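Participant: Submitted below is the structure of interest, expressed as structure tokens.
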Amino acid sequence: METNRMLSLAVFALTLAASPSCTGTPQAKPGDAYETAQASTARAGGDVDNFIARRYPGCRILDHDHDNGYIEVKIRHDGREKTALFDGRRRWVRTLWETRRERLPKRVVAGMRAKGFAYKDIDDNDNYVVDTADGLLYAVQARRWDDDPNP
């Protein structure tokens with residue numbers, strides 16, 4: 001990989017005020033036996049959906065899926081598609097969604113600048129907001145053009 005095209009990932013944390021209601025989500029029946037991946041996905045309609053409803057008020061659940069041992073729940077919230085991840089014990093791990101460069105907080109852009117990245121170096125749309133129990137993190141994709149080892 002050419003270093004002048006090397007992508008750098010920078011993550012900056014900001015605090016998040018937790019917002020506790022999804023609409024139109026199915027409910028699991030208490031006492032149901034869940035042994036298959038499909039049945040487990042159906043079970044996610046209970047405890048997982050209830051967590052999402054509290055964390056992301058007014059959201060709409062689009063899909064439940066399993067991937068790499070995680071339950072993935074796609075939702076639409078605040079006009080954006082987001083993916084919430086839960087571990088095998090149905091504990092929330094994180095939620096992430098894409099964001100454009102112009103929607104990054106000024107503190108994140110200033111932090112990138114402090115690390116030597118100009119605003120134009122930040123990718124215009126392949127950045128992510130990651131909501132965790134510790135707050136919001138920003139995964140910012142940027143190109144460093146001044147690292148060319150071949151003058």
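Every chain in the structure tokens has a letter given in the order shown (A, B, ...), and although residue numbers restart at 1 in each chain, ligands are simply numbered from 1 in the order shown.
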Please identify all polymer residues within 9 Å of Val129 in chain A, counting only C-alpha atoms, omitting same-chain residues fewer than 3 positions from it, and present them as a PDB file with C-alpha atoms, in the first residue's frame.

Facilitator:
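result-v6.pdb was written with the following content:
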```
ATOM      1  CA  THR A  95     -24.532   1.197  17.784  1.00  0.00           C
ATOM      2  CA  LEU A  96     -22.951   2.747  14.726  1.00  0.00           C
ATOM      3  CA  TRP A  97     -23.955   4.798  11.734  1.00  0.00           C
ATOM      4  CA  GLU A  98     -22.263   6.634   8.904  1.00  0.00           C
ATOM      5  CA  THR A  99     -21.829  10.365   8.963  1.00  0.00           C
ATOM      6  CA  LEU A 104     -18.567  15.871  12.429  1.00  0.00           C
ATOM      7  CA  LEU A 136     -19.926   8.721  21.411  1.00  0.00           C
ATOM      8  CA  LEU A 137     -16.793   7.886  19.460  1.00  0.00           C
ATOM      9  CA  TYR A 138     -15.986   9.053  15.956  1.00  0.00           C
ATOM     10  CA  ALA A 139     -14.139   6.816  13.505  1.00  0.00           C
ATOM     11  CA  VAL A 140     -12.779   9.255  10.959  1.00  0.00           C
TER      12      VAL A 140
END
```

Participant: Counting only C-alpha atoms, what is within 10 Å of Asp121 in chain A, bar same-chain residues fewer than 6 positions away, as a list of chain:residue names?

Facilitator: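 Residues near the query, excluding close chain neighbours: A:Leu7, A:Met112, A:Arg113, A:Gln141, A:Ala142, A:Arg143, A:Arg144, A:Trp145.
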
Participant: Give me the residues within 8 Å of Ile71 in chain A as a list of chain:residue names, counting only C-alpha atoms and dropping any in the same chain fewer than 4 places off.

Facilitator: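 Counting only C-alpha atoms, the residues come to A:Thr41, A:Ala44, A:His64, A:Asp65, A:His66, A:Asp67, A:Leu85, A:Phe86, A:Asp87, A:Gly88, A:Arg90.
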
Participant: Ranking A:Arg60, A:Lys120, A:Arg91, A:Lys106 by minimum distance to Thr132 in chain A and counting only C-alpha atoms, which one comes first?

Facilitator: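 Between A:Arg60, A:Lys120, A:Arg91, A:Lys106, the residue approaching Thr132 in chain A most closely is A:Arg91.
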
Participant: Figure out the distance between CA of Asp78 in chain A and CA of Gly135 in chain A, please, to one decimal in Å.

Facilitator: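 Going from CA of Gly135 in chain A over to CA of Asp78 in chain A, I get 17.7 Å.
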